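With CSV, C-alpha atoms inside, this is structure02.csv:
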```csv
chain,number,residue,atom,x,y,z
A,25,MET,CA,-5.4,-10.9,-115.0
A,26,ASN,CA,-4.3,-14.4,-114.4
A,27,SER,CA,-6.0,-17.1,-116.5
A,28,TRP,CA,-7.5,-18.8,-113.4
A,29,GLU,CA,-9.4,-15.6,-112.7
A,30,ASP,CA,-11.4,-16.1,-115.9
A,31,ASN,CA,-13.6,-18.7,-114.2
A,32,ILE,CA,-14.2,-16.8,-111.0
A,33,ARG,CA,-17.7,-15.5,-110.4
A,34,LYS,CA,-17.5,-11.7,-110.1
A,35,VAL,CA,-20.3,-9.5,-108.9
A,36,VAL,CA,-20.7,-6.0,-107.5
A,37,PRO,CA,-21.7,-6.7,-103.9
A,38,TYR,CA,-24.5,-5.2,-101.9
A,39,ILE,CA,-23.4,-2.4,-99.6
A,40,PRO,CA,-25.2,-2.5,-96.2
A,41,GLY,CA,-25.8,0.5,-94.0
A,42,GLU,CA,-22.7,1.7,-92.1
A,43,GLN,CA,-22.2,0.0,-88.7
A,44,PRO,CA,-20.4,2.6,-86.6
A,45,LYS,CA,-18.0,1.3,-83.9
A,46,GLN,CA,-18.5,4.1,-81.4
A,47,SER,CA,-21.3,4.0,-78.9
A,48,ASP,CA,-22.1,7.7,-78.4
A,49,ILE,CA,-24.1,8.1,-81.7
A,50,ILE,CA,-27.7,8.0,-82.8
A,51,LYS,CA,-28.1,5.2,-85.3
A,52,LEU,CA,-30.9,5.8,-87.7
A,53,ASN,CA,-29.5,4.2,-90.9
A,54,THR,CA,-30.3,0.5,-90.9
A,55,ASN,CA,-34.0,0.3,-89.9
A,56,GLU,CA,-33.3,-1.5,-86.7
A,57,ASN,CA,-36.0,-1.4,-84.0
A,58,PRO,CA,-35.1,1.0,-81.2
A,59,TYR,CA,-36.9,-1.2,-78.6
A,60,PRO,CA,-35.7,-4.5,-77.0
A,61,PRO,CA,-37.2,-7.8,-78.0
A,62,ALA,CA,-40.1,-9.3,-76.1
A,63,PRO,CA,-39.3,-10.0,-72.4
A,64,GLY,CA,-39.7,-13.7,-73.0
A,65,VAL,CA,-36.6,-13.5,-75.2
A,66,ARG,CA,-34.4,-12.3,-72.4
A,67,LYS,CA,-35.8,-14.9,-70.0
A,68,ALA,CA,-35.1,-17.7,-72.6
A,69,MET,CA,-31.5,-16.4,-73.0
A,70,GLU,CA,-30.9,-16.5,-69.3
A,71,ASN,CA,-32.3,-20.0,-69.0
A,72,MET,CA,-30.8,-21.5,-72.2
A,73,ASP,CA,-29.1,-24.9,-71.9
A,74,LEU,CA,-25.6,-24.3,-73.3
A,75,ASN,CA,-25.3,-28.0,-73.8
A,76,LEU,CA,-27.5,-27.5,-76.9
A,77,PHE,CA,-24.6,-25.7,-78.6
A,78,ARG,CA,-22.5,-28.8,-79.0
A,79,LEU,CA,-25.3,-30.4,-81.1
A,80,TYR,CA,-26.5,-29.7,-84.6
A,81,PRO,CA,-29.7,-27.7,-84.7
A,82,ASP,CA,-33.0,-29.1,-86.1
A,83,SER,CA,-32.3,-28.8,-89.8
A,84,ASN,CA,-36.1,-28.2,-90.4
A,85,ALA,CA,-36.3,-25.5,-87.8
A,86,THR,CA,-39.4,-27.4,-86.5
A,87,PRO,CA,-40.1,-25.4,-83.3
A,88,LEU,CA,-39.9,-22.1,-85.1
A,89,VAL,CA,-41.8,-23.2,-88.1
A,90,ASN,CA,-44.6,-24.5,-85.9
A,91,ALA,CA,-44.7,-21.3,-83.9
A,92,LEU,CA,-44.9,-19.2,-87.1
A,93,ALA,CA,-47.5,-21.4,-88.7
A,94,ALA,CA,-49.7,-21.1,-85.6
A,95,TYR,CA,-49.3,-17.4,-85.5
A,96,HIS,CA,-50.2,-16.9,-89.1
A,97,LYS,CA,-52.9,-19.6,-89.1
A,98,VAL,CA,-51.3,-21.7,-91.9
A,99,ASN,CA,-50.0,-25.2,-92.0
A,100,PRO,CA,-46.4,-25.9,-91.0
A,101,ASP,CA,-45.6,-27.2,-94.5
A,102,GLN,CA,-46.4,-23.6,-95.8
A,103,VAL,CA,-43.5,-22.0,-93.8
A,104,PHE,CA,-39.8,-21.9,-94.6
A,105,VAL,CA,-37.2,-20.4,-92.2
A,106,GLY,CA,-33.8,-19.0,-93.0
A,107,VAL,CA,-31.0,-16.9,-91.7
A,108,GLY,CA,-32.6,-13.5,-92.1
A,109,SER,CA,-34.9,-12.6,-94.9
A,110,ASP,CA,-31.9,-12.0,-97.1
A,111,ASP,CA,-31.0,-15.7,-96.9
A,112,VAL,CA,-34.7,-16.6,-97.6
A,113,LEU,CA,-34.9,-14.2,-100.6
A,114,ALA,CA,-31.6,-15.4,-102.0
A,115,MET,CA,-32.9,-19.0,-101.7
A,116,CYS,CA,-36.0,-17.9,-103.5
A,117,PHE,CA,-34.0,-16.4,-106.4
A,118,LEU,CA,-32.0,-19.6,-106.6
A,119,THR,CA,-35.1,-21.8,-106.5
A,120,PHE,CA,-37.7,-20.0,-108.5
A,121,PHE,CA,-36.0,-17.7,-111.0
A,122,ASN,CA,-34.5,-20.1,-113.6
A,123,SER,CA,-35.9,-19.3,-117.0
A,124,GLN,CA,-34.2,-17.3,-119.7
A,125,LYS,CA,-36.8,-14.6,-119.4
A,126,PRO,CA,-36.1,-11.5,-117.3
A,127,ILE,CA,-37.5,-11.2,-113.8
A,128,LEU,CA,-39.1,-7.9,-113.0
A,129,PHE,CA,-38.7,-5.6,-110.0
A,130,PRO,CA,-39.0,-1.8,-109.5
A,131,ASP,CA,-36.2,0.6,-110.5
A,132,ILE,CA,-36.2,2.0,-107.0
A,133,THR,CA,-36.3,-0.8,-104.5
A,134,TYR,CA,-34.3,-3.0,-102.2
A,135,SER,CA,-30.8,-2.9,-103.7
A,136,PHE,CA,-30.0,-6.6,-103.0
A,137,TYR,CA,-32.4,-7.7,-105.8
A,138,ASP,CA,-30.1,-6.9,-108.7
A,139,VAL,CA,-27.1,-8.2,-106.7
A,140,TRP,CA,-28.7,-11.7,-106.4
A,141,ALA,CA,-29.8,-11.6,-110.0
A,142,ASP,CA,-26.3,-10.8,-111.1
A,143,LEU,CA,-24.8,-13.5,-108.8
A,144,TYR,CA,-27.1,-16.2,-110.1
A,145,ARG,CA,-27.0,-15.0,-113.7
A,146,ILE,CA,-30.7,-14.2,-113.8
A,147,PRO,CA,-31.7,-11.6,-116.5
A,148,TYR,CA,-33.8,-8.8,-115.1
A,149,GLU,CA,-35.6,-5.6,-116.0
A,150,ARG,CA,-36.6,-2.7,-113.7
A,151,PRO,CA,-39.9,-1.0,-114.6
A,152,GLN,CA,-39.9,2.6,-113.3
A,153,LEU,CA,-42.0,3.7,-110.4
A,154,ASP,CA,-44.3,6.6,-111.2
A,155,ILE,CA,-43.4,10.2,-110.1
A,156,ASN,CA,-44.9,9.5,-106.7
A,157,PHE,CA,-42.9,6.3,-106.3
A,158,HIS,CA,-45.8,4.0,-106.8
A,159,ILE,CA,-45.8,0.7,-108.8
A,160,ARG,CA,-47.6,0.8,-112.2
A,161,PRO,CA,-49.2,-2.6,-112.3
A,162,GLU,CA,-49.5,-2.5,-116.1
A,163,ASP,CA,-45.7,-2.5,-116.3
A,164,TYR,CA,-45.8,-6.1,-114.9
A,165,ASP,CA,-48.3,-7.4,-117.4
A,166,ARG,CA,-45.7,-8.8,-119.8
A,167,GLU,CA,-43.8,-12.0,-120.3
A,168,ASN,CA,-41.3,-12.5,-117.6
A,169,GLY,CA,-39.3,-15.1,-115.5
A,170,GLY,CA,-40.8,-14.0,-112.2
A,171,VAL,CA,-41.7,-10.9,-110.2
A,172,ILE,CA,-40.5,-9.5,-106.9
A,173,PHE,CA,-41.3,-6.3,-105.0
A,174,PRO,CA,-41.3,-5.1,-101.4
A,175,ASN,CA,-44.6,-3.9,-99.9
A,176,PRO,CA,-44.1,-1.4,-98.3
A,177,ASN,CA,-41.3,-0.6,-100.6
A,178,ALA,CA,-37.7,0.2,-99.6
A,179,PRO,CA,-36.3,2.8,-99.4
A,180,THR,CA,-39.5,4.9,-100.2
A,181,GLY,CA,-41.8,3.4,-97.6
A,182,ILE,CA,-44.6,3.5,-100.1
A,183,TYR,CA,-47.4,0.9,-99.6
A,184,GLU,CA,-49.4,-0.6,-102.5
A,185,ALA,CA,-53.0,-1.5,-101.7
A,186,LEU,CA,-54.0,-5.2,-101.8
A,187,ASP,CA,-55.9,-4.7,-105.1
A,188,VAL,CA,-52.8,-3.5,-106.8
A,189,VAL,CA,-50.8,-6.5,-105.5
A,190,GLU,CA,-53.6,-8.9,-106.6
A,191,ASP,CA,-53.7,-7.3,-110.0
A,192,ILE,CA,-50.0,-8.0,-110.5
A,193,ILE,CA,-50.5,-11.6,-109.3
A,194,GLU,CA,-53.5,-12.2,-111.6
A,195,HIS,CA,-51.5,-11.0,-114.6
A,196,ASN,CA,-48.6,-13.3,-113.8
A,197,SER,CA,-50.2,-16.7,-113.4
A,198,ASP,CA,-47.3,-18.4,-115.3
A,199,SER,CA,-44.6,-16.9,-113.0
A,200,ILE,CA,-43.7,-16.9,-109.3
A,201,VAL,CA,-44.5,-13.7,-107.6
A,202,ILE,CA,-42.6,-12.8,-104.4
A,203,ILE,CA,-43.9,-10.2,-102.1
A,204,ASP,CA,-41.3,-9.0,-99.7
A,205,GLU,CA,-43.2,-7.9,-96.5
A,206,ALA,CA,-40.2,-6.9,-94.4
A,207,TYR,CA,-42.1,-3.8,-93.3
A,208,ILE,CA,-45.7,-4.8,-93.5
A,209,ASP,CA,-46.2,-4.8,-89.7
A,210,PHE,CA,-45.8,-1.0,-89.6
A,211,GLY,CA,-48.8,-0.3,-91.8
A,212,GLY,CA,-51.0,-1.8,-94.5
A,213,GLU,CA,-52.7,-5.0,-95.2
A,214,SER,CA,-50.7,-8.2,-95.7
A,215,ALA,CA,-51.0,-10.2,-98.9
A,216,LEU,CA,-51.3,-13.4,-96.8
A,217,PRO,CA,-55.0,-13.9,-97.5
A,218,LEU,CA,-54.1,-14.1,-101.2
A,219,LEU,CA,-52.3,-17.4,-100.6
A,220,ASN,CA,-55.8,-19.0,-100.5
A,221,LYS,CA,-56.4,-18.0,-104.1
A,222,TYR,CA,-53.0,-18.3,-105.8
A,223,GLU,CA,-50.5,-21.1,-105.6
A,224,ASN,CA,-47.7,-19.1,-107.3
A,225,VAL,CA,-47.1,-16.6,-104.5
A,226,ILE,CA,-44.4,-16.4,-101.9
A,227,ILE,CA,-44.5,-13.9,-99.0
A,228,THR,CA,-41.3,-13.2,-97.1
A,229,ARG,CA,-41.0,-11.7,-93.6
A,230,THR,CA,-38.2,-10.9,-91.1
A,231,PHE,CA,-37.6,-10.7,-87.4
A,232,SER,CA,-35.1,-7.8,-88.0
A,233,LYS,CA,-37.5,-4.9,-88.0
A,234,SER,CA,-40.8,-5.2,-86.1
A,235,ARG,CA,-39.6,-8.0,-83.8
A,236,SER,CA,-36.4,-6.3,-82.7
A,237,MET,CA,-34.1,-9.3,-83.5
A,238,ALA,CA,-31.9,-8.2,-86.3
A,239,GLY,CA,-28.9,-9.7,-84.5
A,240,MET,CA,-30.4,-13.1,-84.4
A,241,ARG,CA,-30.8,-13.3,-88.2
A,242,ILE,CA,-34.3,-14.9,-88.6
A,243,GLY,CA,-36.4,-14.6,-91.8
A,244,TYR,CA,-39.1,-16.7,-93.2
A,245,ALA,CA,-41.3,-17.3,-96.2
A,246,ILE,CA,-45.0,-18.4,-96.4
A,247,GLY,CA,-46.5,-19.9,-99.5
A,248,SER,CA,-48.2,-23.0,-100.9
A,249,SER,CA,-46.9,-26.3,-99.6
A,250,LYS,CA,-45.7,-27.1,-103.1
A,251,LEU,CA,-43.5,-23.9,-103.3
A,252,ILE,CA,-42.2,-24.4,-99.7
A,253,GLY,CA,-41.3,-27.9,-100.6
A,254,TYR,CA,-39.2,-26.8,-103.5
A,255,LEU,CA,-37.5,-24.2,-101.2
A,256,ASN,CA,-36.7,-26.9,-98.7
A,257,ASP,CA,-35.3,-29.2,-101.3
A,258,VAL,CA,-32.8,-26.5,-102.5
A,259,LYS,CA,-31.9,-25.6,-98.9
A,260,GLN,CA,-31.2,-29.2,-98.0
A,261,SER,CA,-29.0,-29.5,-101.1
A,262,TYR,CA,-27.1,-26.3,-100.2
A,263,ASN,CA,-26.8,-26.1,-96.4
A,264,SER,CA,-29.0,-28.2,-94.1
A,265,TYR,CA,-28.1,-26.5,-90.8
A,266,THR,CA,-28.7,-22.9,-91.5
A,267,MET,CA,-30.6,-21.8,-88.4
A,268,ASN,CA,-28.5,-22.0,-85.1
A,269,GLN,CA,-29.9,-23.3,-81.8
A,270,ALA,CA,-30.1,-19.9,-80.1
A,271,SER,CA,-32.1,-18.4,-83.0
A,272,LEU,CA,-34.5,-21.3,-82.9
A,273,VAL,CA,-35.2,-21.0,-79.2
A,274,LEU,CA,-35.3,-17.2,-79.1
A,275,GLY,CA,-37.3,-16.9,-82.3
A,276,VAL,CA,-40.1,-19.0,-80.8
A,277,GLU,CA,-40.2,-16.6,-77.8
A,278,GLY,CA,-40.2,-13.6,-80.1
A,279,VAL,CA,-43.5,-14.8,-81.6
A,280,LYS,CA,-45.3,-15.6,-78.4
A,281,ASP,CA,-45.8,-12.1,-76.8
A,282,ASP,CA,-48.2,-10.5,-79.2
A,283,ALA,CA,-49.2,-7.7,-76.8
A,284,TYR,CA,-45.6,-6.5,-76.4
A,285,PHE,CA,-45.1,-6.8,-80.1
A,286,LYS,CA,-48.1,-4.5,-80.9
A,287,GLU,CA,-47.2,-2.1,-78.1
A,288,THR,CA,-43.7,-1.4,-79.7
A,289,LEU,CA,-45.3,-1.2,-83.2
A,290,ASN,CA,-47.7,1.4,-82.1
A,291,LYS,CA,-44.9,3.4,-80.4
A,292,ILE,CA,-42.9,3.4,-83.7
A,293,ILE,CA,-45.9,4.3,-85.8
A,294,ASP,CA,-46.9,7.2,-83.6
A,295,THR,CA,-43.3,8.5,-83.6
A,296,ARG,CA,-43.1,8.1,-87.3
A,297,ASP,CA,-46.2,10.1,-88.0
A,298,SER,CA,-45.4,12.9,-85.6
A,299,VAL,CA,-41.8,13.3,-87.0
A,300,LYS,CA,-43.2,13.2,-90.6
A,301,ALA,CA,-45.4,16.2,-89.8
A,302,GLU,CA,-42.5,18.0,-88.1
A,303,LEU,CA,-40.2,17.4,-91.1
A,304,ARG,CA,-42.8,18.8,-93.5
A,305,SER,CA,-43.1,21.9,-91.4
A,306,LEU,CA,-39.3,22.3,-91.8
A,307,GLY,CA,-39.5,22.3,-95.6
A,308,PHE,CA,-39.2,18.6,-96.3
A,309,THR,CA,-41.1,16.6,-98.9
A,310,VAL,CA,-41.8,13.3,-97.1
A,311,THR,CA,-43.4,10.2,-98.6
A,312,GLU,CA,-46.4,8.5,-96.9
A,313,SER,CA,-44.3,5.9,-95.4
A,314,ARG,CA,-45.9,2.8,-94.0
A,315,ALA,CA,-42.5,1.4,-92.8
A,316,ASN,CA,-40.3,2.1,-89.8
A,317,PHE,CA,-38.5,4.8,-91.6
A,318,LEU,CA,-39.1,8.1,-93.4
A,319,PHE,CA,-38.0,9.1,-96.9
A,320,ALA,CA,-37.4,12.8,-97.0
A,321,SER,CA,-36.0,15.5,-99.3
A,322,HIS,CA,-35.5,19.1,-98.2
A,323,ASN,CA,-36.4,22.0,-100.5
A,324,THR,CA,-33.1,23.9,-100.2
A,325,VAL,CA,-30.5,21.7,-98.4
A,326,THR,CA,-29.3,18.8,-100.5
A,327,ALA,CA,-29.5,15.3,-99.0
A,328,LYS,CA,-25.8,14.6,-99.4
A,329,GLU,CA,-24.9,17.8,-97.5
A,330,LEU,CA,-27.4,17.1,-94.7
A,331,PHE,CA,-26.3,13.5,-94.5
A,332,ALA,CA,-22.7,14.6,-93.9
A,333,ALA,CA,-23.7,17.3,-91.4
A,334,LEU,CA,-25.7,14.9,-89.4
A,335,LYS,CA,-23.0,12.3,-89.4
A,336,GLU,CA,-20.5,14.8,-88.2
A,337,GLY,CA,-22.8,15.5,-85.3
A,338,GLY,CA,-23.1,11.8,-84.4
A,339,ILE,CA,-26.4,11.0,-86.1
A,340,TYR,CA,-26.3,8.3,-88.8
A,341,VAL,CA,-29.0,8.2,-91.5
A,342,ARG,CA,-29.0,6.6,-94.9
A,343,TYR,CA,-28.0,8.3,-98.2
A,344,PHE,CA,-28.3,6.7,-101.6
A,345,ASP,CA,-26.3,8.3,-104.4
A,346,LYS,CA,-28.6,6.8,-107.1
A,347,PRO,CA,-30.7,8.2,-109.9
A,348,ARG,CA,-34.1,9.7,-108.9
A,349,ILE,CA,-33.4,9.4,-105.2
A,350,HIS,CA,-30.1,11.1,-104.8
A,351,ASN,CA,-31.7,14.0,-103.0
A,352,TYR,CA,-33.5,11.9,-100.4
A,353,LEU,CA,-32.5,10.6,-97.0
A,354,ARG,CA,-33.9,7.5,-95.5
A,355,ILE,CA,-34.3,8.0,-91.7
A,356,THR,CA,-35.1,5.1,-89.4
A,357,VAL,CA,-37.6,5.8,-86.7
A,358,GLY,CA,-35.9,5.7,-83.4
A,359,THR,CA,-37.2,6.5,-79.9
A,360,LYS,CA,-39.0,9.8,-79.3
A,361,GLU,CA,-35.8,11.1,-77.6
A,362,GLU,CA,-33.6,10.1,-80.5
A,363,MET,CA,-36.0,11.7,-83.0
A,364,ASP,CA,-36.2,14.9,-81.0
A,365,GLN,CA,-32.4,15.1,-81.2
A,366,LEU,CA,-32.5,14.5,-84.9
A,367,LEU,CA,-35.1,17.2,-85.4
A,368,ASP,CA,-33.0,19.7,-83.3
A,369,SER,CA,-29.9,19.0,-85.3
A,370,ILE,CA,-31.8,19.5,-88.6
A,371,LYS,CA,-33.3,22.7,-87.4
A,372,ASN,CA,-29.9,24.0,-86.3
A,373,TYR,CA,-28.3,23.2,-89.6
A,374,ILE,CA,-31.1,24.7,-91.6
A,375,ASN,CA,-30.9,27.9,-89.5
A,376,TYR,CA,-27.1,27.9,-90.0
A,377,LYS,CA,-27.5,27.7,-93.7
A,378,ASN,CA,-30.1,30.4,-93.8
A,379,ASP,CA,-28.1,32.9,-91.8
```
I need this file expressed as structure tokens, please.
Amino acid sequence: MNSWEDNIRKVVPYIPGEQPKQSDIIKLNTNENPYPPAPGVRKAMENMDLNLFRLYPDSNATPLVNALAAYHKVNPDQVFVGVGSDDVLAMCFLTFFNSQKPILFPDITYSFYDVWADLYRIPYERPQLDINFHIRPEDYDRENGGVIFPNPNAPTGIYEALDVVEDIIEHNSDSIVIIDEAYIDFGGESALPLLNKYENVIITRTFSKSRSMAGMRIGYAIGSSKLIGYLNDVKQSYNSYTMNQASLVLGVEGVKDDAYFKETLNKIIDTRDSVKAELRSLGFTVTESRANFLFASHNTVTAKELFAALKEGGIYVRYFDKPRIHNYLRITVGTKEEMDQLLDSIKNYINYKND
């Protein structure tokens, strides 16, 4: 190794879900929404003033911040916008996790958390979920430098009731608690009401899942004005113009049409629950997912084997070769037609294995 490499920051990067180049596949591996964004988004795209693109965007993302504040019934100074929730979460790690004490997050969770912790040299510990993949609140009742967890969790889809979330917050009054609600729209009660009781809580959301806008890279955080102020200070010291003009315009339109938003949510929830029942009838153990994906393990066919067989047949799902979950597949909920094809492929493979 050359001497100049001694001072290079080295990390093991996050590995995203595979993005296949061919078009004739069923893509159920990255939790994208199978339905298009709200009709107003298309209309705004068609009428967009291209002259905007020669100008820097609003560094405070004011139109989108205001739209989100109105939607969630909070003040604009309680909203922070970033380039996808990954950008928002990374900014939260950089801003709030700066003690020498370890931050805490579950052993089975979103696999970007330990990457950010390593990148920013933040010590961390990962309390184990119980055998049913639930958080044990008592594991977070100890000295720490901060707490973060998704609710519903990824990749399990497990939702923790609001009293469990509040128990963790109550026992961590000296730390920042971040609740990653990337999937909350698909089931469960948001922790947003707890912001009225606790000043040390940040809730993060994304347009990538429920709002069908993964390609626009829009994420946001809601918290006390004090915490959002700290986030903005760090952002303005790092990169002022993070949100592009198109995302600002289209993001506002994505918030407006609540009827369409709820219609697509209900389609996904109905499909999720029917496919869950079907998978169980085929010999799968499936968690009670409240997200837009299912987490399933078959009683005779290994996840790795089934993952490979489905991929060969043009159906992409997600496989994690990790302790405790190496025999599970995470399956994004697609359209009914896509899920019917998935189920047919699984049935055919199981029958082939049993012959």
- Got a sec to check which residues sit within 6 Å of (-33.3, 9.7, -98.9), counting only C-alpha atoms, and write them as a VMD selection string? chain A and resid 319 to 320 343 352 to 354
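Close to (-41.9, 21.1, -92.6), meaning no more than 12 Å away when counting only C-alpha atoms, sit the residues Ser298, Val299, Lys300, Ala301, Glu302, Leu303, Arg304, Ser305, Leu306, Gly307, Phe308, Thr309, Val310, Ala320, Ser321, His322, Asn323, Thr324, Leu367, Ile370, Lys371 and Ile374 of chain A.
Here CA of Asn220 in chain A stands at a distance of 25.0 Å from CA of Asp163 in chain A.
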- Counting only C-alpha atoms, closest pick from A:Met69, A:Val107, A:Met237, A:Ile39 relative to Ala85 in chain A is A:Val107
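The closest residue to Asn268 in chain A, picked from A:Leu186, A:Ala332, A:Val357, A:Val105 and counting all atoms listed in the file, is A:Val105.
You will find CA of Ser135 in chain A at 8.6 Å from CA of Ala178 in chain A.
For the residues A:Ile246, A:Ala270, A:Val89, A:Ile208, ranking by smallest atom-to-atom distance to Asn177 in chain A using only C-alpha atoms places A:Ile208 first.
With all atoms listed in the file taken into account, the protein and nucleic acid residues at most 8 Å from range 281-294 of chain A (excluding it and anything under 2 positions from it in its own chain) are Tyr59, Ala62, Gly64, Asp209, Phe210, Ser234, Arg235, Glu277, Gly278, Val279, Arg296, Asp297, Ser298, Asn316, Val357, Gly358 and Thr359 of chain A.
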- Query: Quick one: distance from CA of Ala93 in chain A to CA of Ala245 in chain A in Å, one decimal?
  - Reply: 10.6 Å
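Nearest residue to Pro58 in chain A, choosing from A:Ala327, A:Ala114, A:Ala238, A:Ile252 and counting only C-alpha atoms: A:Ala238.
Near Leu366 in chain A, within 9 Å and counting all atoms listed in the file, sit Ile50, Leu334, Ile339, Glu361, Glu362, Met363, Ser369, Ile370 and Lys371 of chain A; same-chain residues fewer than 3 positions away were not included.
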- Message: List as a PyMOL selection string the protein and nucleic acid residues near Cys116 in chain A, meaning an atom at most 12 Å away when all atoms listed in the file are counted, but skip any in the same chain fewer than 2 places from it.
- Response: chain A and resi 104-106+109-114+118-122+137+140-141+144+170-172+200-204+225-228+244-247+251-259
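With all atoms listed in the file as the atoms that count, the minimum distance from Asp191 in chain A to the choices A:Pro161, A:Gly212, A:Gly108, A:Pro179 is reached by A:Pro161.
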Do you know which residues are at most 10 Å from Asn378 in chain A counting only C-alpha atoms, after dropping those on the same chain fewer than 5 positions away, and could you put them as a short mmCIF file (atom, residue, chain, number, x, y, z; two decimals) with C-alpha atoms, in the frame of the given file?
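What landed in part-v4.cif:
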```cif
data_model
loop_
_atom_site.label_atom_id
_atom_site.label_comp_id
_atom_site.auth_asym_id
_atom_site.auth_seq_id
_atom_site.Cartn_x
_atom_site.Cartn_y
_atom_site.Cartn_z
CA THR A 324 -33.10 23.90 -100.20
CA VAL A 325 -30.50 21.70 -98.40
CA ASN A 372 -29.90 24.00 -86.30
CA TYR A 373 -28.30 23.20 -89.60
#
```
- Skip Asp73 in chain A itself and residues of its chain fewer than 5 positions away, then list as a ChimeraX atom specification all residues within 12 Å of it, counting all atoms listed in the file. /A:68,78-79,269-270,273
Preceding selection exported with C-alpha atoms as an mmCIF file, in the frame of the given file:
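File written: result-v2.cif
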```
data_model
loop_
_atom_site.group_PDB
_atom_site.id
_atom_site.type_symbol
_atom_site.label_atom_id
_atom_site.label_comp_id
_atom_site.auth_asym_id
_atom_site.auth_seq_id
_atom_site.Cartn_x
_atom_site.Cartn_y
_atom_site.Cartn_z
ATOM 1 C CA ALA A 68 -35.100 -17.700 -72.600
ATOM 2 C CA ARG A 78 -22.500 -28.800 -79.000
ATOM 3 C CA LEU A 79 -25.300 -30.400 -81.100
ATOM 4 C CA GLN A 269 -29.900 -23.300 -81.800
ATOM 5 C CA ALA A 270 -30.100 -19.900 -80.100
ATOM 6 C CA VAL A 273 -35.200 -21.000 -79.200
#
```
- Message: Using only C-alpha atoms for the distances, tell me which of A:Tyr164, A:Tyr376, A:Tyr262, A:Phe317 is nearest to Leu330 in chain A.
- Response: A:Tyr376
Kindly complete range 287-302 of chain A to N, CA and C atoms; the output should be written as a PDB file, in the frame of the given file.
```pdb
ATOM      1  N   GLU A 287     -47.488  -3.307 -78.904  1.00  0.00           N
ATOM      2  CA  GLU A 287     -47.200  -2.100 -78.100  1.00  0.00           C
ATOM      3  C   GLU A 287     -45.990  -1.349 -78.769  1.00  0.00           C
ATOM      4  N   THR A 288     -44.920  -2.076 -79.084  1.00  0.00           N
ATOM      5  CA  THR A 288     -43.700  -1.400 -79.700  1.00  0.00           C
ATOM      6  C   THR A 288     -44.052  -0.941 -81.098  1.00  0.00           C
ATOM      7  N   LEU A 289     -44.856  -1.705 -81.850  1.00  0.00           N
ATOM      8  CA  LEU A 289     -45.300  -1.200 -83.200  1.00  0.00           C
ATOM      9  C   LEU A 289     -45.969   0.096 -83.098  1.00  0.00           C
ATOM     10  N   ASN A 290     -46.901   0.206 -82.176  1.00  0.00           N
ATOM     11  CA  ASN A 290     -47.700   1.400 -82.100  1.00  0.00           C
ATOM     12  C   ASN A 290     -46.792   2.616 -81.648  1.00  0.00           C
ATOM     13  N   LYS A 291     -45.800   2.371 -80.803  1.00  0.00           N
ATOM     14  CA  LYS A 291     -44.900   3.400 -80.400  1.00  0.00           C
ATOM     15  C   LYS A 291     -44.136   3.964 -81.684  1.00  0.00           C
ATOM     16  N   ILE A 292     -43.650   3.032 -82.502  1.00  0.00           N
ATOM     17  CA  ILE A 292     -42.900   3.400 -83.700  1.00  0.00           C
ATOM     18  C   ILE A 292     -43.804   4.145 -84.695  1.00  0.00           C
ATOM     19  N   ILE A 293     -45.015   3.653 -84.888  1.00  0.00           N
ATOM     20  CA  ILE A 293     -45.900   4.300 -85.800  1.00  0.00           C
ATOM     21  C   ILE A 293     -46.293   5.694 -85.364  1.00  0.00           C
ATOM     22  N   ASP A 294     -46.576   5.874 -84.074  1.00  0.00           N
ATOM     23  CA  ASP A 294     -46.900   7.200 -83.600  1.00  0.00           C
ATOM     24  C   ASP A 294     -45.727   8.164 -83.720  1.00  0.00           C
ATOM     25  N   THR A 295     -44.527   7.690 -83.408  1.00  0.00           N
ATOM     26  CA  THR A 295     -43.300   8.500 -83.600  1.00  0.00           C
ATOM     27  C   THR A 295     -43.112   8.875 -85.027  1.00  0.00           C
ATOM     28  N   ARG A 296     -43.239   7.878 -85.887  1.00  0.00           N
ATOM     29  CA  ARG A 296     -43.100   8.100 -87.300  1.00  0.00           C
ATOM     30  C   ARG A 296     -43.989   9.205 -87.839  1.00  0.00           C
ATOM     31  N   ASP A 297     -45.248   9.138 -87.479  1.00  0.00           N
ATOM     32  CA  ASP A 297     -46.200  10.100 -88.000  1.00  0.00           C
ATOM     33  C   ASP A 297     -46.012  11.491 -87.461  1.00  0.00           C
ATOM     34  N   SER A 298     -45.601  11.594 -86.190  1.00  0.00           N
ATOM     35  CA  SER A 298     -45.400  12.900 -85.600  1.00  0.00           C
ATOM     36  C   SER A 298     -44.099  13.549 -86.220  1.00  0.00           C
ATOM     37  N   VAL A 299     -43.055  12.743 -86.423  1.00  0.00           N
ATOM     38  CA  VAL A 299     -41.800  13.300 -87.000  1.00  0.00           C
ATOM     39  C   VAL A 299     -42.047  13.638 -88.476  1.00  0.00           C
ATOM     40  N   LYS A 300     -42.852  12.869 -89.165  1.00  0.00           N
ATOM     41  CA  LYS A 300     -43.200  13.200 -90.600  1.00  0.00           C
ATOM     42  C   LYS A 300     -43.806  14.583 -90.655  1.00  0.00           C
ATOM     43  N   ALA A 301     -44.748  14.877 -89.768  1.00  0.00           N
ATOM     44  CA  ALA A 301     -45.400  16.200 -89.800  1.00  0.00           C
ATOM     45  C   ALA A 301     -44.382  17.297 -89.443  1.00  0.00           C
ATOM     46  N   GLU A 302     -43.503  17.017 -88.506  1.00  0.00           N
ATOM     47  CA  GLU A 302     -42.500  18.000 -88.100  1.00  0.00           C
ATOM     48  C   GLU A 302     -41.520  18.287 -89.261  1.00  0.00           C
TER      49      GLU A 302
END
```
